[in-house]
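Okay, input_8.txt now, which holds compact mmCIF, C-alpha atoms:
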```
# COMPACT_ATOMS: atom_id res chain seq x y z
CA MET A 1 -11.44 15.86 23.84
CA LEU A 2 -13.40 12.81 22.83
CA SER A 3 -13.84 12.31 19.13
CA ALA A 4 -17.15 11.31 17.58
CA THR A 5 -15.54 7.98 16.67
CA GLN A 6 -14.55 7.32 20.28
CA ILE A 7 -18.08 8.12 21.47
CA SER A 8 -19.52 5.93 18.74
CA LEU A 9 -17.36 2.97 19.76
CA ALA A 10 -18.07 3.39 23.46
CA LEU A 11 -21.81 3.46 22.75
CA LYS A 12 -21.62 0.35 20.65
CA GLN A 13 -19.68 -1.53 23.32
CA SER A 14 -21.95 -0.48 26.16
CA LEU A 15 -25.17 -1.36 24.36
CA ALA A 16 -23.72 -4.68 23.22
CA ASP A 17 -22.97 -5.41 26.88
CA GLY A 18 -26.62 -4.73 27.67
CA GLU A 19 -25.73 -1.61 29.68
CA ALA A 20 -27.09 1.90 29.37
CA MET A 21 -24.67 4.75 28.78
CA CYS A 22 -24.96 8.45 29.45
CA ILE A 23 -23.19 11.12 27.44
CA VAL A 24 -22.72 14.20 29.60
CA SER A 25 -21.96 17.43 27.74
CA LEU A 26 -20.89 20.78 29.12
CA MET A 27 -23.55 22.58 27.12
CA GLU A 28 -23.57 26.09 28.55
CA MET A 29 -21.02 28.12 30.45
CA ASP A 30 -21.42 31.74 31.61
CA GLY A 31 -24.74 31.90 29.78
CA ARG A 32 -23.28 30.93 26.44
CA PRO A 33 -23.36 27.68 24.48
CA VAL A 34 -20.02 25.93 24.51
CA ALA A 35 -18.19 25.26 21.26
CA GLN A 36 -16.77 21.75 21.02
CA ALA A 37 -18.46 20.88 24.28
CA ALA A 38 -16.43 18.80 26.71
CA ARG A 39 -17.96 15.36 27.19
CA LEU A 40 -17.93 12.62 29.76
CA LEU A 41 -19.12 9.06 29.17
CA VAL A 42 -20.69 7.21 32.07
CA ARG A 43 -21.88 3.62 32.14
CA ASP A 44 -24.90 2.30 33.94
CA GLY A 45 -22.80 0.82 36.73
CA GLY A 46 -21.10 4.18 37.34
CA ALA A 47 -17.87 3.51 35.48
CA LEU A 48 -16.41 6.58 33.81
CA ILE A 49 -15.36 5.26 30.45
CA GLY A 50 -13.93 8.30 28.80
CA GLY A 51 -13.64 12.03 28.46
CA SER A 52 -13.81 14.76 31.05
CA LEU A 53 -15.86 17.87 31.69
CA GLY A 54 -12.82 19.77 32.88
CA GLY A 55 -12.03 18.52 36.35
CA ARG A 56 -12.11 15.35 38.41
CA ALA A 57 -14.51 16.65 41.05
CA LEU A 58 -16.94 17.91 38.42
CA ASP A 59 -16.71 14.57 36.60
CA GLU A 60 -17.55 12.70 39.77
CA ILE A 61 -20.51 14.94 40.53
CA ALA A 62 -21.80 14.60 36.98
CA ALA A 63 -21.29 10.83 36.96
CA ARG A 64 -23.29 10.40 40.15
CA HIS A 65 -26.14 12.40 38.68
CA ALA A 66 -25.94 10.39 35.42
CA VAL A 67 -26.16 7.11 37.31
CA ALA A 68 -29.23 8.33 39.21
CA LEU A 69 -30.89 9.35 35.93
CA MET A 70 -30.10 6.03 34.27
CA LYS A 71 -31.88 4.18 37.08
CA ASP A 72 -35.18 5.80 36.07
CA GLU A 73 -36.27 4.12 32.85
CA ARG A 74 -38.38 7.06 31.80
CA GLN A 75 -35.33 9.32 31.64
CA GLU A 76 -33.75 9.84 28.26
CA ILE A 77 -32.45 13.37 28.46
CA ALA A 78 -32.04 16.00 31.15
CA VAL A 79 -30.48 19.40 31.59
CA ALA A 80 -29.14 20.44 34.97
CA PRO A 81 -27.19 23.43 36.24
CA VAL A 82 -24.07 22.19 38.03
CA GLY A 83 -25.04 24.23 41.09
CA GLU A 84 -28.26 22.26 41.45
CA ILE A 85 -26.79 18.80 41.26
CA ILE A 86 -24.12 19.69 43.81
CA THR A 87 -26.60 20.74 46.45
CA THR A 88 -28.42 17.45 46.16
CA LEU A 89 -25.21 15.60 46.95
CA GLU A 90 -22.81 16.02 49.80
CA ASN A 91 -20.87 19.25 50.15
CA GLY A 92 -17.16 19.58 50.60
CA ILE A 93 -14.21 21.77 49.74
CA GLU A 94 -13.94 20.14 46.33
CA ALA A 95 -17.65 20.70 45.71
CA ASP A 96 -17.29 24.36 46.69
CA ARG A 97 -14.47 24.79 44.20
CA VAL A 98 -16.57 23.22 41.46
CA LYS A 99 -19.44 25.47 42.41
CA ASP A 100 -17.30 28.59 42.15
CA ARG A 101 -16.10 27.69 38.72
CA PHE A 102 -19.00 25.78 37.18
CA GLY A 103 -21.99 26.62 39.38
CA ALA A 104 -23.97 28.38 36.66
CA ALA A 105 -22.86 26.04 33.88
CA ARG A 106 -25.48 23.71 32.52
CA LEU A 107 -24.88 20.06 31.73
CA LEU A 108 -26.76 17.99 29.21
CA PHE A 109 -27.30 14.33 30.09
CA GLU A 110 -28.28 12.04 27.21
CA ILE A 111 -28.98 8.43 27.94
CA SER A 112 -28.79 5.57 25.47
CA ARG A 113 -30.25 2.25 26.45
CA PRO A 114 -29.80 -1.20 24.96
CA PRO A 115 -32.64 -2.14 22.61
CA LEU A 116 -35.67 -3.64 24.26
CA GLU A 117 -36.32 -7.27 23.49
CA LEU A 118 -39.62 -8.93 22.86
CA ILE A 119 -39.62 -12.71 23.18
CA ILE A 120 -42.78 -14.20 21.76
CA CYS A 121 -43.55 -17.78 22.70
CA GLY A 122 -45.93 -19.08 20.04
CA GLY A 123 -46.08 -18.19 16.35
CA GLY A 124 -49.84 -18.40 15.89
CA HIS A 125 -52.18 -15.59 14.95
CA VAL A 126 -51.66 -13.62 18.14
CA GLY A 127 -47.89 -14.14 18.06
CA GLN A 128 -47.75 -12.87 14.50
CA ALA A 129 -49.74 -9.76 15.36
CA VAL A 130 -47.61 -9.13 18.47
CA ALA A 131 -44.49 -9.24 16.27
CA LYS A 132 -45.97 -6.62 13.94
CA VAL A 133 -46.97 -4.19 16.66
CA GLY A 134 -43.71 -4.86 18.52
CA ALA A 135 -41.69 -4.00 15.40
CA LEU A 136 -43.57 -0.72 15.13
CA LEU A 137 -42.40 0.09 18.66
CA ASP A 138 -38.74 -0.77 17.83
CA PHE A 139 -38.48 -3.95 19.86
CA LYS A 140 -35.82 -6.50 18.94
CA ILE A 141 -38.02 -9.52 18.35
CA THR A 142 -37.49 -13.25 18.83
CA VAL A 143 -40.22 -15.77 18.08
CA ILE A 144 -40.20 -19.32 19.37
CA ASP A 145 -42.38 -22.17 18.17
CA ASP A 146 -41.79 -25.91 18.08
CA ARG A 147 -43.71 -26.19 14.81
CA ALA A 148 -41.53 -25.15 11.85
CA GLU A 149 -44.47 -23.81 9.86
CA PHE A 150 -45.27 -21.36 12.69
CA SER A 151 -41.72 -20.14 13.20
CA SER A 152 -41.24 -19.57 9.49
CA ARG A 153 -40.29 -16.55 7.41
CA GLU A 154 -43.60 -17.01 5.63
CA LYS A 155 -45.48 -16.21 8.82
CA PHE A 156 -42.92 -13.59 9.95
CA PRO A 157 -41.75 -11.84 6.77
CA ASP A 158 -39.92 -9.09 8.68
CA PRO A 159 -36.24 -10.08 8.27
CA ASN A 160 -35.36 -8.44 11.59
CA VAL A 161 -37.45 -10.98 13.50
CA ARG A 162 -35.31 -13.78 14.83
CA LEU A 163 -36.98 -17.18 14.53
CA ILE A 164 -36.27 -20.23 16.67
CA THR A 165 -37.78 -23.59 15.82
CA ASP A 166 -37.30 -25.75 18.88
CA ASP A 167 -38.94 -27.13 21.92
CA PHE A 168 -40.13 -24.13 23.99
CA LEU A 169 -38.09 -25.08 27.04
CA ALA A 170 -34.86 -25.63 25.11
CA ALA A 171 -35.35 -22.41 23.16
CA LEU A 172 -35.97 -20.30 26.27
CA ARG A 173 -32.96 -21.83 27.99
CA SER A 174 -30.79 -20.84 25.04
CA LEU A 175 -31.79 -17.18 25.43
CA LYS A 176 -30.35 -14.73 27.91
CA ILE A 177 -33.28 -13.15 29.71
CA THR A 178 -32.30 -9.77 31.13
CA PRO A 179 -33.98 -6.60 32.43
CA VAL A 180 -34.54 -5.47 28.82
CA SER A 181 -36.49 -8.65 28.00
CA HIS A 182 -40.26 -8.69 27.62
CA VAL A 183 -41.75 -12.17 27.40
CA VAL A 184 -45.14 -12.68 25.81
CA ILE A 185 -46.49 -16.21 26.19
CA VAL A 186 -49.10 -16.97 23.55
CA THR A 187 -48.57 -20.60 22.54
CA ARG A 188 -51.24 -22.84 21.06
CA GLY A 189 -52.14 -24.47 24.36
CA HIS A 190 -52.15 -23.97 28.09
CA ARG A 191 -49.74 -26.82 28.63
CA HIS A 192 -47.05 -25.06 26.58
CA ASP A 193 -47.93 -21.71 28.13
CA GLU A 194 -47.30 -23.15 31.57
CA ILE A 195 -43.98 -24.70 30.51
CA CYS A 196 -42.82 -21.31 29.23
CA LEU A 197 -44.01 -19.45 32.29
CA ARG A 198 -42.26 -21.85 34.66
CA GLU A 199 -39.01 -21.40 32.77
CA VAL A 200 -39.01 -17.59 32.83
CA ILE A 201 -40.85 -16.68 36.02
CA GLU A 202 -37.73 -16.35 38.16
CA LYS A 203 -35.70 -14.59 35.45
CA PRO A 204 -35.12 -10.83 35.62
CA ALA A 205 -37.42 -10.06 32.65
CA ARG A 206 -38.95 -6.59 32.61
CA TYR A 207 -42.35 -7.98 31.66
CA ILE A 208 -43.88 -11.44 31.64
CA GLY A 209 -47.38 -11.88 30.25
CA MET A 210 -49.39 -15.02 29.54
CA ILE A 211 -52.57 -15.35 27.54
CA GLY A 212 -55.60 -17.13 28.99
CA SER A 213 -58.84 -16.60 30.82
CA ARG A 214 -58.94 -15.32 34.35
CA ARG A 215 -59.88 -18.79 35.56
CA ARG A 216 -57.00 -20.45 33.73
CA ALA A 217 -54.56 -17.85 35.00
CA THR A 218 -55.69 -18.52 38.56
CA THR A 219 -55.37 -22.28 38.12
CA ILE A 220 -51.84 -22.02 36.75
CA ARG A 221 -50.79 -19.63 39.54
CA GLU A 222 -52.18 -22.13 42.07
CA HIS A 223 -50.25 -25.03 40.52
CA MET A 224 -47.08 -23.04 40.68
CA ARG A 225 -47.65 -21.81 44.18
CA ARG A 226 -48.09 -25.42 45.27
CA ASP A 227 -44.81 -26.25 43.57
CA GLY A 228 -43.07 -23.65 45.68
CA VAL A 229 -42.82 -20.65 43.34
CA ALA A 230 -42.67 -17.55 45.53
CA GLY A 231 -45.61 -15.17 45.65
CA GLU A 232 -43.44 -12.23 44.64
CA HIS A 233 -42.70 -13.97 41.33
CA LEU A 234 -46.31 -14.99 40.73
CA ARG A 235 -47.51 -11.44 41.28
CA ARG A 236 -45.23 -10.17 38.50
CA VAL A 237 -47.02 -12.20 35.84
CA HIS A 238 -49.49 -10.31 33.68
CA SER A 239 -52.23 -12.89 33.13
CA PRO A 240 -54.78 -12.58 31.63
CA ILE A 241 -52.53 -10.56 29.36
CA GLY A 242 -53.02 -7.00 28.10
CA LEU A 243 -55.01 -3.89 28.88
CA ASP A 244 -58.79 -4.19 28.85
CA ILE A 245 -59.76 -2.46 25.61
CA GLY A 246 -62.32 -5.07 24.59
CA ALA A 247 -59.86 -6.61 22.12
CA MET A 248 -61.24 -9.43 19.95
CA THR A 249 -59.09 -9.92 16.86
CA PRO A 250 -55.43 -11.04 17.10
CA GLU A 251 -54.33 -7.54 16.06
CA GLU A 252 -56.46 -5.91 18.74
CA ILE A 253 -55.13 -8.36 21.33
CA ALA A 254 -51.59 -7.52 20.21
CA LEU A 255 -52.34 -3.82 20.64
CA ALA A 256 -53.69 -4.48 24.14
CA ILE A 257 -50.55 -6.46 25.03
CA LEU A 258 -48.13 -3.84 23.73
CA ALA A 259 -50.16 -1.10 25.42
CA GLU A 260 -49.67 -2.94 28.70
CA ILE A 261 -45.94 -3.27 28.03
CA VAL A 262 -45.65 0.47 27.34
CA LEU A 263 -47.59 1.17 30.51
CA THR A 264 -45.20 -1.02 32.50
CA ARG A 265 -42.19 0.83 31.14
CA ARG A 266 -43.40 4.39 31.08
CA GLY A 267 -45.86 4.44 33.94
CA GLY A 268 -49.40 5.71 33.58
CA SER A 269 -52.85 4.64 34.67
CA GLY A 270 -54.18 2.96 31.53
CA ALA A 271 -57.35 5.05 31.88
CA PRO A 272 -58.69 7.30 29.10
CA LYS A 273 -57.04 10.71 29.27
CA GLY A 274 -60.17 12.64 28.31
CA ALA A 275 -62.19 12.67 31.50
CA GLU A 276 -64.96 14.81 30.04
CA GLY A 277 -65.33 13.12 26.66
CA PRO A 278 -67.27 10.07 25.52
CA MET A 279 -64.91 7.85 27.48
CA ALA A 280 -66.07 9.38 30.78
CA ARG A 281 -68.49 6.52 31.41
CA ALA A 282 -65.65 4.02 31.07
CA ARG A 283 -64.09 5.31 34.25
CA MET B 1 -42.19 8.66 14.91
CA SER B 2 -38.85 7.06 15.14
CA LEU B 3 -36.24 9.36 16.62
CA LEU B 4 -32.57 9.20 15.74
CA THR B 5 -30.62 7.25 18.31
CA GLN B 6 -27.33 8.50 19.73
CA SER B 7 -25.57 5.66 17.94
CA GLU B 8 -27.00 6.83 14.62
CA VAL B 9 -26.09 10.45 15.34
CA TYR B 10 -22.45 9.72 16.21
CA ALA B 11 -22.14 7.38 13.23
CA GLU B 12 -23.32 10.22 10.98
CA ILE B 13 -20.90 12.69 12.58
CA THR B 14 -18.05 10.24 12.04
CA LYS B 15 -19.09 9.81 8.42
CA ALA B 16 -19.31 13.56 7.81
CA GLN B 17 -15.90 14.10 9.43
CA GLY B 18 -14.44 11.39 7.19
CA ALA B 19 -15.73 13.31 4.18
CA LYS B 20 -14.42 16.59 5.66
CA ARG B 21 -17.91 18.05 5.87
CA LYS B 22 -19.40 20.14 8.64
CA LEU B 23 -22.56 18.99 10.35
CA ALA B 24 -24.96 20.66 12.77
CA VAL B 25 -26.71 18.58 15.41
CA ALA B 26 -29.83 20.20 16.85
CA THR B 27 -31.28 18.63 19.99
CA ILE B 28 -34.45 19.54 21.83
CA VAL B 29 -33.05 19.75 25.34
CA THR B 30 -35.98 21.13 27.33
CA THR B 31 -39.70 21.62 26.80
CA SER B 32 -42.39 23.07 28.98
CA GLY B 33 -46.12 23.17 28.55
CA SER B 34 -47.74 21.18 25.82
CA THR B 35 -45.73 20.83 22.64
CA PRO B 36 -45.79 18.08 20.04
CA GLN B 37 -42.00 18.04 20.30
CA ARG B 38 -40.15 15.57 22.45
CA THR B 39 -36.97 16.24 24.38
CA GLY B 40 -34.05 14.30 22.99
CA ALA B 41 -35.33 14.55 19.42
CA LYS B 42 -32.52 15.43 17.04
CA LEU B 43 -32.26 17.00 13.65
CA LEU B 44 -29.00 16.76 11.72
CA VAL B 45 -28.40 19.50 9.18
CA PHE B 46 -25.69 19.24 6.55
CA GLU B 47 -23.91 22.08 4.77
CA ASP B 48 -25.93 21.55 1.60
CA GLY B 49 -29.14 21.97 3.60
CA ARG B 50 -29.99 18.29 3.62
CA MET B 51 -31.40 17.05 6.89
CA MET B 52 -31.85 13.83 8.77
CA GLY B 53 -34.03 12.91 11.74
CA THR B 54 -36.83 15.05 13.07
CA VAL B 55 -37.63 17.38 15.91
CA GLY B 56 -41.32 16.73 15.47
CA GLY B 57 -42.14 18.34 12.15
CA GLY B 58 -44.26 21.36 11.47
CA CYS B 59 -43.19 24.96 11.48
CA VAL B 60 -40.78 24.43 14.36
CA GLU B 61 -38.72 22.03 12.31
CA ALA B 62 -38.28 24.65 9.60
CA ASP B 63 -37.19 27.19 12.24
CA VAL B 64 -34.69 24.77 13.76
CA TRP B 65 -33.35 23.97 10.31
CA ALA B 66 -32.83 27.69 9.58
CA GLU B 67 -31.05 28.23 12.92
CA ALA B 68 -28.85 25.21 12.27
CA ARG B 69 -27.85 26.55 8.86
CA GLU B 70 -26.85 29.86 10.43
CA ALA B 71 -24.87 28.03 13.11
CA LEU B 72 -23.07 26.09 10.37
CA ALA B 73 -22.28 29.29 8.48
CA GLU B 74 -20.93 30.95 11.65
CA ASN B 75 -19.27 27.74 12.81
CA LYS B 76 -20.60 28.43 16.32
CA PRO B 77 -22.97 26.58 18.65
CA ARG B 78 -26.32 28.09 19.65
CA LEU B 79 -28.96 27.71 22.28
CA CYS B 80 -32.32 28.78 20.85
CA LYS B 81 -35.56 29.26 22.68
CA PHE B 82 -38.79 28.76 20.82
CA SER B 83 -42.13 29.85 22.12
CA LEU B 84 -45.13 28.10 20.67
CA ARG B 85 -47.50 30.22 22.70
CA ASP B 86 -49.70 32.88 21.13
CA ASN B 87 -47.76 33.34 17.97
CA PRO B 88 -49.28 36.63 16.81
CA ASP B 89 -48.52 35.98 13.16
CA VAL B 90 -50.21 32.66 12.79
CA PRO B 91 -53.65 31.87 14.13
CA PRO B 92 -53.74 28.39 15.65
CA ASP B 93 -56.30 26.99 13.23
CA GLU B 94 -54.19 28.05 10.30
CA GLU B 95 -51.14 26.39 11.75
CA GLY B 96 -53.11 23.20 12.01
CA MET B 97 -52.13 22.62 15.62
CA ILE B 98 -52.63 24.23 18.91
CA CYS B 99 -49.71 24.03 21.19
CA GLY B 100 -48.84 26.20 24.12
CA GLY B 101 -45.32 25.65 25.27
CA ASP B 102 -41.70 26.59 25.09
CA MET B 103 -38.71 24.63 24.07
CA GLU B 104 -34.99 25.03 24.05
CA VAL B 105 -32.80 23.67 21.28
CA PHE B 106 -29.04 23.15 21.52
CA ILE B 107 -27.31 23.34 18.17
CA GLU B 108 -23.77 22.10 17.93
CA VAL B 109 -21.47 22.27 14.95
CA TRP B 110 -19.12 19.35 14.32
CA ASN B 111 -16.17 19.95 12.07
```

Could you quickly redo this structure as structure tokens?
Amino acid sequence: MLSATQISLALKQSLADGEAMCIVSLMEMDGRPVAQAARLLVRDGGALIGGSLGGRALDEIAARHAVALMKDERQEIAVAPVGEIITTLENGIEADRVKDRFGAARLLFEISRPPLELIICGGGHVGQAVAKVGALLDFKITVIDDRAEFSSREKFPDPNVRLITDDFLAALRSLKITPVSHVVIVTRGHRHDEICLREVIEKPARYIGMIGSRRRATTIREHMRRDGVAGEHLRRVHSPIGLDIGAMTPEEIALAILAEIVLTRRGGSGAPKGAEGPMARAR
Amino acid sequence: MSLLTQSEVYAEITKAQGAKRKLAVATIVTTSGSTPQRTGAKLLVFEDGRMMGTVGGGCVEADVWAEAREALAENKPRLCKFSLRDNPDVPPDEEGMICGGDMEVFIEVWN
């Protein structure tokens, strides 16, 4: 049996490594909830890092299902009868044995993911508003500006916001950009925007967005294409940035940017949900 | 609405165990139809009735809390089904929300 302390430590380690972890619990057996449910811990990469559900074959079946769930970012929790997840995988003597014993049992899969990061290039009005809305959505926030007065605690009073005062290029190079990173490029000028974009465009960031007009976005893409940046990378860049909600103030622009980031993560159309209401004409 | 993370939940369990106190962890494991509740939401209920986290508020939260207290008293886990559809006792406008859906809550007791 895994103790709460062991689970706690494993979670901490996995998230610190930037990997998701799934806690699988044997929740129901023979139609009844299980007391002191057996648990299995599975890492993103498929490694079983502790515990057992009561048999090696069952653990393997559960782990494979956990890994599949972790691949889909929208998944946080799922319940599955053992019988159902066996049929979707290959059958064998071992699987039949598991089915006989655990077929009707239900497993609970709970996924924890490392915190999402928001890297804001530029501490101006838009950058400040993006930090506020980002904090509301539980992002771990880093702000970069080469001007100390714009990467200051005065402008970003939230103590959880990490501030870097440095040249944009040097600052971005010092950060590890991973699949949980979201990069919002809103510096004071297009020259700095382009420097930032060039630095991150080939990194595995989940989202890269750059402020600017449609014309400016096209020009920068053209420059980069000429310099040999692959089309697949250029197409990933959200520029002009944000959903079209008619945003005008920095706060509204921040809302549009974060709405686009949520859309990227969760899926959705970005269209009004009420087809019959006053938003119908917007469609 | 900020939901409790797994890290927070297991840290709380560890803390309660250190103080030799029982703790019930209620998790919304499935929902169907339209409910304001979200799967994965957790409510921790302590022996003194104190709670932490949320399963979405409203009347459902009070029901989950009551079930969790019973589970604590019995020292047994429970799987509860809640139906938010056509509650005959409470007209929707009085409840302040209209939701038609079912949800299943797993309540575990940690010693």

Select residues of chain A: the criterion is any atom within 9 Å of an atom of chain B, counting only C-alpha atoms; output as a PyMOL selection string.
chain A and resi 3-5+7-9+11-12+27-28+32-37+76-79+108+110-112+137-138

Taking C-alpha atoms for each residue, export the selection above as a short mmCIF file (atom, residue, chain, number, x, y, z; two decimals), in the coordinates of the input.
```
data_model
loop_
_atom_site.label_atom_id
_atom_site.label_comp_id
_atom_site.auth_asym_id
_atom_site.auth_seq_id
_atom_site.Cartn_x
_atom_site.Cartn_y
_atom_site.Cartn_z
CA SER A 3 -13.84 12.31 19.13
CA ALA A 4 -17.15 11.31 17.58
CA THR A 5 -15.54 7.98 16.67
CA ILE A 7 -18.08 8.12 21.47
CA SER A 8 -19.52 5.93 18.74
CA LEU A 9 -17.36 2.97 19.76
CA LEU A 11 -21.81 3.46 22.75
CA LYS A 12 -21.62 0.35 20.65
CA MET A 27 -23.55 22.58 27.12
CA GLU A 28 -23.57 26.09 28.55
CA ARG A 32 -23.28 30.93 26.44
CA PRO A 33 -23.36 27.68 24.48
CA VAL A 34 -20.02 25.93 24.51
CA ALA A 35 -18.19 25.26 21.26
CA GLN A 36 -16.77 21.75 21.02
CA ALA A 37 -18.46 20.88 24.28
CA GLU A 76 -33.75 9.84 28.26
CA ILE A 77 -32.45 13.37 28.46
CA ALA A 78 -32.04 16.00 31.15
CA VAL A 79 -30.48 19.40 31.59
CA LEU A 108 -26.76 17.99 29.21
CA GLU A 110 -28.28 12.04 27.21
CA ILE A 111 -28.98 8.43 27.94
CA SER A 112 -28.79 5.57 25.47
CA LEU A 137 -42.40 0.09 18.66
CA ASP A 138 -38.74 -0.77 17.83
#
```

Could you check which of B:Ala73, B:Thr27, B:Glu104, B:Val60 is closest to B:Glu47, using all atoms listed in the file?
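Nearest to B:Glu47: B:Ala73.
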
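Using only C-alpha atoms, the smallest distance between any of A:Gly270, A:Pro250, A:Gly92, A:Gly277 and A:Gly127 comes from A:Pro250.
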
Write out as number ranges by chain each polymer residue whose atoms come within 12 Å of A:Thr218, counting all atoms listed in the file; drop sequence neighbours fewer than 2 positions from it.
A: 194, 210-216, 220-225, 234-235, 237-240

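Coordinates place atom CA of A:Ala131 at a distance of 11.7 Å from atom CA of A:Ser151.
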
Please, which residues are within 10 Å of (-25.4, 22.3, 32.9) by the file's coordinates, counting all atoms listed in the file, and could they come as number ranges by chain?
A: 24-29, 62, 78-85, 102-109

Using atom CA of B:Arg21 and atom CA of B:Val64 as the two end points, give the distance in Å to one decimal.
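Separation between atom CA of B:Arg21 and atom CA of B:Val64: 19.7 Å.
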
Between atom CA of A:Arg43 and atom CA of A:Lys71 - distance in Å to one decimal:
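Between atom CA of A:Lys71 and atom CA of A:Arg43 the gap works out to 11.2 Å.
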
Compare B:Lys42, B:Met51, B:Ala62, B:Lys22 by their minimum atom-to-atom distance to B:Val105, counting only C-alpha atoms, and give me the closest one.
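Residue with the minimum atom-to-atom distance to B:Val105: B:Lys42.
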